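Here's target.tsv, which has TSV, C-alpha atoms:
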chain	number	residue	atom	x	y	z
A	540	MET	CA	185.94	169.10	88.24
A	541	ASP	CA	182.87	170.90	89.61
A	542	PHE	CA	181.70	169.53	92.96
A	543	ASN	CA	178.90	172.06	93.40
A	544	PHE	CA	175.22	171.26	93.24
A	545	THR	CA	173.23	173.36	90.78
A	546	PRO	CA	170.86	176.08	92.05
A	547	GLU	CA	167.94	173.91	90.92
A	548	GLN	CA	169.27	170.95	92.92
A	549	GLU	CA	169.72	173.10	96.02
A	550	GLN	CA	166.15	174.35	95.61
A	551	VAL	CA	164.93	170.76	95.46
A	552	ARG	CA	166.85	170.00	98.66
A	553	GLU	CA	165.19	172.91	100.47
A	554	THR	CA	161.75	171.86	99.23
A	555	ILE	CA	162.25	168.30	100.44
A	556	ARG	CA	163.55	169.49	103.80
A	557	ARG	CA	160.47	171.63	104.37
A	558	PHE	CA	158.16	168.82	103.31
A	559	THR	CA	159.83	166.16	105.46
A	560	GLU	CA	159.95	168.42	108.51
A	561	THR	CA	156.28	169.41	108.27
A	562	GLU	CA	154.56	166.41	106.68
A	563	ILE	CA	156.72	163.40	107.58
A	564	ALA	CA	158.49	164.08	110.87
A	565	PRO	CA	155.25	164.26	112.93
A	566	LEU	CA	154.23	160.81	111.65
A	567	VAL	CA	157.48	158.92	112.22
A	568	ARG	CA	157.18	157.88	115.87
A	569	GLU	CA	153.67	156.44	115.57
A	570	ALA	CA	154.36	154.72	112.23
A	571	ASP	CA	157.51	153.11	113.65
A	572	GLU	CA	155.77	151.95	116.82
A	573	MET	CA	152.65	150.65	115.04
A	574	GLU	CA	154.52	149.32	111.97
A	575	LYS	CA	151.88	150.92	109.75
A	576	PHE	CA	152.67	153.12	106.79
A	577	PRO	CA	150.37	156.15	106.29
A	578	ARG	CA	149.07	155.60	102.75
A	579	GLU	CA	148.05	159.24	102.46
A	580	LEU	CA	151.68	160.15	101.84
A	581	PHE	CA	151.61	158.72	98.32
A	582	PRO	CA	149.20	161.36	96.90
A	583	LYS	CA	151.22	164.05	98.68
A	584	TRP	CA	154.43	162.75	97.15
A	585	ALA	CA	152.67	162.73	93.78
A	586	GLU	CA	151.66	166.39	94.17
A	587	LEU	CA	155.34	167.32	94.62
A	588	GLY	CA	156.34	165.21	91.64
A	589	LEU	CA	158.39	162.90	93.87
A	590	LEU	CA	156.94	159.67	92.51
A	591	GLY	CA	158.18	160.50	89.02
A	592	ILE	CA	161.50	162.06	89.93
A	593	ARG	CA	163.58	159.79	87.66
A	594	TYR	CA	161.23	159.63	84.69
A	595	PRO	CA	161.05	161.91	81.62
A	596	GLU	CA	158.47	164.65	81.54
A	597	ALA	CA	157.14	163.16	78.29
A	598	ASP	CA	156.16	160.07	80.30
A	599	GLY	CA	154.55	162.06	83.10
A	600	GLY	CA	157.62	162.26	85.31
A	601	SER	CA	159.57	165.18	86.76
A	602	GLY	CA	162.59	164.67	84.52
A	603	PHE	CA	165.33	165.04	87.15
A	604	ASP	CA	168.73	163.38	87.08
A	605	LYS	CA	170.18	160.77	89.44
A	606	VAL	CA	172.06	163.38	91.48
A	607	THR	CA	168.75	165.07	92.29
A	608	ASP	CA	167.19	161.70	93.05
A	609	CYS	CA	169.97	161.06	95.58
A	610	ILE	CA	169.43	164.47	97.17
A	611	ILE	CA	165.77	163.57	97.73
A	612	ARG	CA	166.70	160.16	99.15
A	613	GLU	CA	169.28	161.68	101.47
A	614	GLU	CA	166.87	164.25	102.89
A	615	MET	CA	163.98	161.79	103.19
A	616	SER	CA	166.13	159.24	105.04
A	617	TYR	CA	167.42	161.97	107.32
A	618	ILE	CA	163.90	162.04	108.79
A	619	SER	CA	162.75	158.43	108.28
A	620	GLN	CA	164.30	155.54	106.41
A	621	GLY	CA	161.09	153.55	106.83
A	622	PHE	CA	159.14	156.11	104.80
A	623	ALA	CA	162.00	156.40	102.31
A	624	SER	CA	161.93	152.61	101.83
A	625	ALA	CA	158.23	152.62	101.01
A	626	TRP	CA	158.78	155.46	98.56
A	627	SER	CA	161.77	153.76	96.90
A	628	ALA	CA	160.11	150.33	96.60
A	629	HIS	CA	157.25	152.03	94.76
A	630	THR	CA	159.04	154.68	92.71
A	631	HIS	CA	162.15	152.79	91.69
A	632	LEU	CA	161.90	149.02	92.00
A	633	GLY	CA	158.15	148.64	91.55
A	634	ILE	CA	157.54	150.76	88.46
A	635	TRP	CA	160.97	151.28	86.90
A	636	PRO	CA	160.84	147.94	84.99
A	637	ILE	CA	157.41	148.89	83.62
A	638	TRP	CA	158.70	152.24	82.39
A	639	LYS	CA	161.82	150.60	80.97
A	640	SER	CA	160.32	147.58	79.21
A	641	GLY	CA	156.54	147.64	79.57
A	642	THR	CA	154.11	147.88	76.70
A	643	GLU	CA	152.19	151.10	76.18
A	644	ALA	CA	149.09	149.43	77.55
A	645	GLN	CA	150.99	148.36	80.69
A	646	LYS	CA	152.33	151.85	81.19
A	647	GLU	CA	148.84	153.31	80.90
A	648	ARG	CA	147.35	150.74	83.24
A	649	PHE	CA	150.06	150.62	85.92
A	650	PHE	CA	152.91	153.10	85.48
A	651	ARG	CA	150.92	156.32	85.10
A	652	PRO	CA	148.47	155.67	87.98
A	653	ALA	CA	151.50	154.87	90.15
A	654	LEU	CA	153.10	158.20	89.21
A	655	ASN	CA	149.89	159.95	90.27
A	656	GLY	CA	149.79	158.20	93.64
A	657	GLN	CA	146.60	156.37	92.70
A	658	LYS	CA	148.20	152.93	92.91
A	659	ILE	CA	150.96	151.64	95.21
A	660	ALA	CA	153.62	149.33	93.77
A	661	GLY	CA	156.21	146.88	95.05
A	662	PHE	CA	158.86	144.55	93.64
A	663	GLY	CA	158.65	140.79	94.26
A	664	LEU	CA	162.16	139.41	93.83
A	665	SER	CA	163.74	137.88	96.98
A	666	GLU	CA	162.68	134.42	98.12
A	667	PRO	CA	162.88	132.34	101.30
A	668	ASP	CA	165.46	129.92	99.87
A	669	GLY	CA	167.21	132.11	97.33
A	670	GLY	CA	169.54	134.23	99.44
A	671	SER	CA	171.37	136.75	97.28
A	672	ASN	CA	171.46	134.52	94.20
A	673	ILE	CA	168.81	135.90	91.87
A	674	ARG	CA	169.34	133.18	89.28
A	675	ALA	CA	168.46	130.53	91.85
A	676	LEU	CA	164.92	131.80	92.35
A	677	ILE	CA	162.34	129.04	92.54
A	678	THR	CA	159.02	130.79	91.83
A	679	LYS	CA	157.86	129.44	88.49
A	680	ALA	CA	155.44	130.60	85.83
A	681	GLU	CA	153.88	127.97	83.59
A	682	ARG	CA	152.03	128.69	80.38
A	683	THR	CA	148.30	128.16	80.39
A	684	ASP	CA	145.43	129.26	78.20
A	685	GLY	CA	145.46	133.06	78.15
A	686	GLY	CA	148.35	133.57	80.52
A	687	TYR	CA	150.54	131.97	83.19
A	688	ILE	CA	150.09	130.10	86.46
A	689	LEU	CA	152.55	131.23	89.17
A	690	ASN	CA	153.65	129.11	92.14
A	691	GLY	CA	156.30	129.85	94.75
A	692	ALA	CA	157.03	132.34	97.51
A	693	LYS	CA	158.51	135.81	98.00
A	694	LEU	CA	160.03	137.13	101.22
A	695	TYR	CA	160.86	140.60	102.60
A	696	ILE	CA	158.80	142.37	99.95
A	697	THR	CA	158.44	146.05	100.85
A	698	ASN	CA	154.95	147.53	100.32
A	699	SER	CA	153.38	144.15	99.57
A	700	PRO	CA	150.78	144.40	102.41
A	701	ILE	CA	149.54	147.75	101.03
A	702	ALA	CA	150.32	147.37	97.31
A	703	ASP	CA	147.82	147.57	94.47
A	704	PHE	CA	150.21	145.67	92.22
A	705	LEU	CA	153.61	143.97	92.34
A	706	THR	CA	156.23	143.48	89.66
A	707	VAL	CA	157.14	139.82	90.27
A	708	ALA	CA	160.10	137.78	89.04
A	709	ALA	CA	159.42	134.16	88.12
A	710	ARG	CA	161.14	131.38	86.22
A	711	THR	CA	159.58	130.73	82.82
A	712	SER	CA	162.05	127.92	82.09
A	713	PRO	CA	163.65	125.37	84.46
A	714	ASP	CA	167.26	126.02	83.39
A	715	LEU	CA	169.50	128.59	85.11
A	716	ARG	CA	170.09	130.86	82.13
A	717	PRO	CA	169.27	134.54	82.74
A	718	GLU	CA	166.82	134.36	79.85
A	719	ALA	CA	164.76	131.88	81.86
A	720	ILE	CA	163.63	134.58	84.33
A	721	SER	CA	160.75	136.91	83.46
A	722	LEU	CA	158.81	139.70	85.12
A	723	PHE	CA	155.05	139.80	85.65
A	724	ILE	CA	152.78	142.63	86.78
A	725	VAL	CA	150.38	141.14	89.33
A	726	GLU	CA	147.29	143.10	90.34
A	727	LEU	CA	146.28	142.78	93.98
A	728	PRO	CA	144.31	141.31	95.51
A	729	ASN	CA	144.91	138.08	93.61
A	730	PRO	CA	143.35	134.88	95.02
A	731	GLY	CA	146.65	133.05	94.46
A	732	PHE	CA	148.67	135.58	96.50
A	733	ALA	CA	148.49	135.18	100.29
A	734	ILE	CA	150.36	138.12	101.86
A	735	SER	CA	151.22	138.28	105.56
A	736	SER	CA	152.85	141.26	107.25
A	737	LEU	CA	156.21	140.76	108.94
A	738	ASP	CA	157.27	142.19	112.30
A	739	LYS	CA	160.64	143.88	111.88
A	740	GLU	CA	163.42	145.44	113.92
A	741	GLY	CA	164.39	147.90	111.17
A	742	ILE	CA	162.50	150.17	108.74
A	743	ARG	CA	159.40	149.51	110.84
A	744	ALA	CA	157.55	152.47	109.31
A	745	SER	CA	157.37	150.65	105.98
A	746	GLU	CA	155.27	147.51	105.57
A	747	THR	CA	157.00	144.31	104.50
A	748	GLY	CA	155.45	140.98	103.60
A	749	LEU	CA	155.86	137.26	103.09
A	750	ILE	CA	153.98	136.06	100.00
A	751	HIS	CA	152.80	132.51	99.37
A	752	ILE	CA	151.91	132.10	95.69
A	753	THR	CA	149.59	129.21	94.90
A	754	ASP	CA	148.21	128.67	91.40
A	755	ALA	CA	147.98	132.41	90.79
A	756	PHE	CA	146.73	133.23	87.32
A	757	VAL	CA	148.38	136.17	85.55
A	758	PRO	CA	147.01	137.06	82.09
A	759	ASP	CA	149.24	137.41	79.04
A	760	ASP	CA	148.86	141.19	79.00
A	761	CYS	CA	150.61	141.32	82.40
A	762	LEU	CA	153.82	139.65	81.18
A	763	LEU	CA	156.23	142.59	81.26
A	764	GLY	CA	156.85	143.86	77.75
A	765	GLY	CA	154.86	140.96	76.34
A	766	ARG	CA	157.97	138.80	76.28
A	767	GLU	CA	159.84	136.32	78.44
A	768	GLY	CA	163.46	136.71	79.51
A	769	THR	CA	163.52	140.15	81.15
A	770	TYR	CA	166.26	139.27	83.67
A	771	PRO	CA	168.58	142.06	82.35
A	772	VAL	CA	165.95	144.61	83.38
A	773	ILE	CA	166.27	143.35	86.97
A	774	LEU	CA	170.07	143.75	86.96
A	775	GLU	CA	169.91	147.24	85.50
A	776	SER	CA	167.32	148.28	88.06
A	777	LEU	CA	169.34	146.90	90.99
A	778	SER	CA	172.63	148.55	89.95
A	779	GLU	CA	171.16	152.03	89.81
A	780	ASN	CA	169.17	151.44	92.97
A	781	ARG	CA	172.33	150.49	94.89
A	782	VAL	CA	173.58	154.02	94.33
A	783	GLY	CA	170.19	155.26	95.46
A	784	VAL	CA	170.14	153.32	98.73
A	785	SER	CA	173.66	154.59	99.38
A	786	ALA	CA	172.18	158.09	99.46
A	787	ASN	CA	169.62	156.77	101.95
A	788	CYS	CA	172.51	155.56	104.11
A	789	LEU	CA	174.13	158.99	103.87
A	790	GLY	CA	170.92	160.60	105.14
A	791	MET	CA	170.76	158.23	108.12
A	792	ALA	CA	174.42	158.85	108.95
A	793	ARG	CA	173.89	162.62	108.89
A	794	ALA	CA	170.87	162.29	111.18
A	795	ALA	CA	172.91	160.19	113.62
A	796	LEU	CA	175.69	162.80	113.71
A	797	ASP	CA	173.39	165.81	114.08
A	798	THR	CA	171.40	164.16	116.85
A	799	SER	CA	174.61	163.20	118.65
A	800	LEU	CA	176.10	166.65	118.27
A	801	ALA	CA	173.03	168.31	119.78
A	802	PHE	CA	172.99	165.79	122.63
A	803	ALA	CA	176.71	166.22	123.35
A	804	LYS	CA	176.30	169.99	123.61
A	805	ASP	CA	173.35	169.71	126.03
A	806	ARG	CA	174.40	166.75	128.17
A	807	ILE	CA	176.24	168.00	131.27
A	808	VAL	CA	178.56	165.62	133.16
A	809	ALA	CA	180.75	166.80	136.03
A	810	GLY	CA	179.89	170.38	135.29
A	811	LYS	CA	180.63	170.55	131.56
A	812	PRO	CA	179.03	169.44	128.25
A	813	ILE	CA	180.24	166.01	127.19
A	814	ILE	CA	181.38	167.44	123.84
A	815	GLU	CA	184.29	168.91	125.77
A	816	TYR	CA	185.53	165.45	126.69
A	817	GLN	CA	188.08	164.21	124.20
A	818	ALA	CA	186.60	160.72	123.92
A	819	ILE	CA	183.27	162.17	122.79
A	820	ALA	CA	184.81	164.87	120.59
A	821	HIS	CA	186.93	162.27	118.77
A	822	LYS	CA	183.89	160.08	118.08
A	823	LEU	CA	182.08	163.06	116.62
A	824	ALA	CA	185.13	163.98	114.54
A	825	ASP	CA	185.37	160.45	113.13
A	826	MET	CA	181.66	160.46	112.30
A	827	ALA	CA	181.92	163.81	110.49
A	828	ALA	CA	184.99	162.74	108.50
A	829	GLU	CA	183.40	159.47	107.42
A	830	ILE	CA	180.19	161.21	106.37
A	831	GLU	CA	182.15	163.59	104.16
A	832	ALA	CA	183.90	160.63	102.53
A	833	ILE	CA	180.73	158.68	101.77
A	834	LYS	CA	179.00	161.82	100.55
A	835	TRP	CA	181.40	162.03	97.63
A	836	HIS	CA	181.23	158.29	97.01
A	837	VAL	CA	177.45	158.57	96.70
A	838	TYR	CA	177.37	161.59	94.43
A	839	TYR	CA	180.19	160.26	92.29
A	840	GLY	CA	178.07	157.15	91.75
A	841	ALA	CA	175.06	159.31	90.92
A	842	TRP	CA	177.15	161.31	88.45
A	843	ARG	CA	178.24	158.05	86.80
A	844	VAL	CA	174.57	157.10	86.39
A	845	ASP	CA	173.86	160.44	84.73
A	846	GLN	CA	176.87	159.99	82.45
A	847	GLY	CA	175.67	156.54	81.46
A	848	THR	CA	178.93	155.00	82.69
A	849	LEU	CA	177.87	153.27	85.92
A	850	ASP	CA	179.11	149.68	86.10
A	851	ILE	CA	178.13	146.98	88.56
A	852	ALA	CA	181.45	147.10	90.45
A	853	THR	CA	181.23	150.87	90.98
A	854	ALA	CA	177.67	150.54	92.26
A	855	SER	CA	178.86	147.82	94.64
A	856	ARG	CA	181.75	149.93	95.96
A	857	VAL	CA	179.46	152.87	96.63
A	858	LYS	CA	176.85	150.69	98.35
A	859	LEU	CA	179.41	148.82	100.44
A	860	MET	CA	181.10	151.97	101.70
A	861	ALA	CA	177.91	153.88	102.47
A	862	SER	CA	176.00	151.07	104.18
A	863	GLU	CA	178.89	149.93	106.37
A	864	ALA	CA	179.61	153.55	107.32
A	865	ALA	CA	175.99	154.20	108.28
A	866	VAL	CA	176.07	151.22	110.66
A	867	ARG	CA	179.33	152.38	112.29
A	868	ILE	CA	178.17	155.98	112.61
A	869	SER	CA	174.76	155.09	114.03
A	870	GLU	CA	176.35	152.74	116.56
A	871	ALA	CA	178.74	155.51	117.60
A	872	ALA	CA	175.69	157.74	118.07
A	873	ILE	CA	174.18	155.27	120.54
A	874	ARG	CA	177.47	155.11	122.46
A	875	ILE	CA	177.63	158.91	122.67
A	876	HIS	CA	174.11	158.97	124.09
A	877	GLY	CA	175.00	156.32	126.66
A	878	GLY	CA	171.92	154.96	128.43
A	879	ALA	CA	169.76	157.52	126.62
A	880	GLY	CA	170.71	155.86	123.35
A	881	LEU	CA	168.65	152.84	124.35
A	882	MET	CA	165.57	154.93	125.03
A	883	ARG	CA	162.98	155.42	122.28
A	884	GLU	CA	162.73	159.06	123.27
A	885	TYR	CA	165.82	159.52	121.11
A	886	PRO	CA	165.98	158.53	117.42
A	887	VAL	CA	169.49	157.01	117.39
A	888	GLY	CA	168.28	153.48	118.17
A	889	ARG	CA	165.79	153.63	115.30
A	890	ILE	CA	168.45	155.03	112.96
A	891	HIS	CA	170.84	152.20	113.85
A	892	ARG	CA	168.17	149.52	113.36
A	893	ASP	CA	167.27	151.05	110.01
A	894	ALA	CA	170.90	151.31	108.90
A	895	LEU	CA	171.50	147.62	109.63
A	896	VAL	CA	168.95	146.76	106.95
A	897	TYR	CA	171.28	148.01	104.22
A	898	VAL	CA	174.26	145.79	104.96
A	899	ILE	CA	171.79	143.02	104.08
A	900	GLY	CA	169.14	144.45	101.76
A	901	GLU	CA	169.81	145.44	98.13
A	902	GLY	CA	172.65	142.92	98.11
A	903	THR	CA	174.60	141.99	101.24
A	904	SER	CA	178.01	143.47	101.99
A	905	GLU	CA	179.47	140.04	101.23
A	906	ILE	CA	177.89	140.04	97.78
A	907	GLN	CA	179.22	143.56	97.13
A	908	ARG	CA	182.72	142.37	98.07
A	909	ASN	CA	182.35	139.39	95.71
A	910	ILE	CA	181.43	141.70	92.85
A	911	ILE	CA	184.29	144.10	93.60
A	912	ALA	CA	186.81	141.25	93.91
A	913	ARG	CA	185.66	139.71	90.64
A	914	ASP	CA	186.11	143.07	88.93
A	915	LEU	CA	189.68	143.34	90.26
A	916	LYS	CA	190.56	140.03	88.58
A	917	ASN	CA	189.47	141.26	85.14
As C-alpha cells:
Amino acid sequence: MDFNFTPEQEQVRETIRRFTETEIAPLVREADEMEKFPRELFPKWAELGLLGIRYPEADGGSGFDKVTDCIIREEMSYISQGFASAWSAHTHLGIWPIWKSGTEAQKERFFRPALNGQKIAGFGLSEPDGGSNIRALITKAERTDGGYILNGAKLYITNSPIADFLTVAARTSPDLRPEAISLFIVELPNPGFAISSLDKEGIRASETGLIHITDAFVPDDCLLGGREGTYPVILESLSENRVGVSANCLGMARAALDTSLAFAKDRIVAGKPIIEYQAIAHKLADMAAEIEAIKWHVYYGAWRVDQGTLDIATASRVKLMASEAAVRISEAAIRIHGGAGLMREYPVGRIHRDALVYVIGEGTSEIQRNIIARDLKN
C-alpha cells in the first residue's frame, strides 16, 4: 500500500498554506470576535478553484479527488474552522445536491454562479424539533398552482444570514417514508423566509441562522431535479461530508498541538521551559500520537470515497474518531497553556470551542455510535 501523497497533492497543500497564512489568518481574530464572515473571501476562493474542488472540470470545477479535498479542509481548519465551515456549507452541502441531481437549468442558474463565487449557498436541513432524525423533519411543502408553499423552521443553518440561496429539505408527503422528503432551491431574500443570526460559542467566524418559514412560495423550477423524493441525495451528501469534516477536525487538532508545542518551549517555570517537565511532555506526546492515528483514519476514508467504496458505517467511524480526538487534544492544549489558555490572546480556546461543534454537528457522536453498532449486527 502507498501512503504517500502525490506531488500534485503536496503542491495543493503548499498553495493552501500560503493562501491561508496571507489571506485568512489576518482576518480570523476580528471575524471571531464580531461573528461576521468576510464575504470577499468567496471570490478569492473561486479564483483559486477552491469552490469547485470536488466537481469535474467539464462542469466548471477543479476536478480533484476526495483526498485533495481533505488536504484543503485540513489546512483551512488549521487556521480557522469558522471560515472552513462557511466554505464547506457552500461548496459541499449547499451546491453538491444541485450538481448531483439538479436539472441543467438549475445548474446554470445556481450551481455555476456558486462555483464562481457570485452566489453564496447554504443547506437547510436541521430543525428545532428534529434532533438527529432526518426522517422526522416537520417542514412541509404543499402543492399549489405553479409550485409549492413551504411552512416550518430550520435551525443552525450555516451561511443562511449571508446566503443568496439555500437548498432546503421539506416533506412533500405526510408519511415517514424516505421518498416523502424532497429538496428545494430557495432564492433569498424570500418574503416567507425570516432569518435571524445566532450568537455562538463555536465557529463564530461563520454565520449561522434560525429560519422561520411561513407560506413561502417556491416555483416548480426550483424543485431539485424537477422531482419529489430526493432524500437519498441527502444521505449520500452527508456520508461523504462526514469524511470531510473529519479532515477539518484533523486540522484543528494539529493547530492545537503546534500552538502548545511552541508555548511549552517558550514558557519558563522555575528556570526551565515547561516542555522539560514530564507531565507536559507526556501530554504533548499523547497529542502527537493521537493526531497521527486520526490522520490515517481520515485519509483512509477519503481513499474509500475515491474508490467508490465508502459506506455509512465507515464514514461514521472516521467522523467519530476524528471529532472526539479533536476535542481531547484541544482541551489538552488549554491545560498545557494553564491560565494563558483562557486568554483570547492565544488561539487554543477558540480551537477547543470550534472542535466541540463536531461532536454534535454533522451527526452527533451518539448517532455515529448507533450507526457503527447497527453495522456490527449485520
key: Gap from CA of Glu863 (chain A) to CA of Phe576 (chain A) - Å, one decimal   = 26.4 Å
ask   = So how far away is CA of Ile677 (chain A) from CA of Pro717 (chain A), in Å?
value = 13.2 Å
task = Go through A:Thr711, A:Gln817, A:Ser665, A:Thr630 and flag the residue nearest Asn780 (chain A), using only C-alpha atoms for the distances.
result = A:Thr630
Please, which residues in region 724-833 of chain A fall within 10 Å of region 648-656 of chain A when counting only C-alpha atoms, and what is the closest atom pair and distance in Å to one decimal for each, ordered by chain then residue number, as CSV?
residue,atom,partner,partner_atom,distance
A:Ile724,CA,A:Phe649,CA,8.5
A:Glu726,CA,A:Phe649,CA,9.2
A:Cys761,CA,A:Phe649,CA,10.0
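Neighbouring residues of region 788-790 of chain A at 8 Å or closer, counting all atoms listed in the file and skipping chain neighbours under 2 positions away, are Arg612, Glu613, Glu614, Met615, Ser616, Tyr617, Val784, Ser785, Ala786, Ala792, Arg793, Ala794, Ile830, Ile833, Lys834, Val837, Ala861, Ser862, Ala865, Ala894 and Tyr897 of chain A.
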Atoms kept (C-alpha atoms) for selection, written as a PDB file, in the coordinates of the input:
ATOM      1  CA  ARG A 612     166.700 160.160  99.150  1.00  0.00           C
ATOM      2  CA  GLU A 613     169.280 161.680 101.470  1.00  0.00           C
ATOM      3  CA  GLU A 614     166.870 164.250 102.890  1.00  0.00           C
ATOM      4  CA  MET A 615     163.980 161.790 103.190  1.00  0.00           C
ATOM      5  CA  SER A 616     166.130 159.240 105.040  1.00  0.00           C
ATOM      6  CA  TYR A 617     167.420 161.970 107.320  1.00  0.00           C
ATOM      7  CA  VAL A 784     170.140 153.320  98.730  1.00  0.00           C
ATOM      8  CA  SER A 785     173.660 154.590  99.380  1.00  0.00           C
ATOM      9  CA  ALA A 786     172.180 158.090  99.460  1.00  0.00           C
ATOM     10  CA  ALA A 792     174.420 158.850 108.950  1.00  0.00           C
ATOM     11  CA  ARG A 793     173.890 162.620 108.890  1.00  0.00           C
ATOM     12  CA  ALA A 794     170.870 162.290 111.180  1.00  0.00           C
ATOM     13  CA  ILE A 830     180.190 161.210 106.370  1.00  0.00           C
ATOM     14  CA  ILE A 833     180.730 158.680 101.770  1.00  0.00           C
ATOM     15  CA  LYS A 834     179.000 161.820 100.550  1.00  0.00           C
ATOM     16  CA  VAL A 837     177.450 158.570  96.700  1.00  0.00           C
ATOM     17  CA  ALA A 861     177.910 153.880 102.470  1.00  0.00           C
ATOM     18  CA  SER A 862     176.000 151.070 104.180  1.00  0.00           C
ATOM     19  CA  ALA A 865     175.990 154.200 108.280  1.00  0.00           C
ATOM     20  CA  ALA A 894     170.900 151.310 108.900  1.00  0.00           C
ATOM     21  CA  TYR A 897     171.280 148.010 104.220  1.00  0.00           C
TER      22      TYR A 897
END
request  = In the coordinate frame of the file, compute which residues have an atom within 12 Å of (169.5, 143.2, 83.1) when using only C-alpha atoms, and state them as a PyMOL selection string.
outcome  = chain A and resi 636+639-640+673-674+717-718+720-722+768-779+850-851
message = Env of region 601-611 of chain A: 7 Å cut, atoms = only C-alpha atoms, seq-sep filter 4 positions within chain, self excluded. Answer as a ChimeraX atom specification.
response = /A:548,552,555,588,591-596,615,783,786,838,841-842,844-845
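Remark: for Ile618 (chain A), the closest of the candidate residues A:Val567, A:Leu849, A:Leu694, A:Ala864 is A:Val567 (distances computed over only C-alpha atoms).
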Residue nearest Gly731 (chain A) among A:Arg556, A:Lys858, A:His751, A:Arg874 (counting all atoms listed in the file) = A:His751
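Closest approach to Gly691 (chain A) among A:Ile807, A:Leu664, A:Ile752, A:Ala585: A:Ile752, based on only C-alpha atoms.
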key: For CA of Arg557 (chain A) and CA of Ile868 (chain A), the interatomic separation in Å (one decimal)   = 25.0 Å
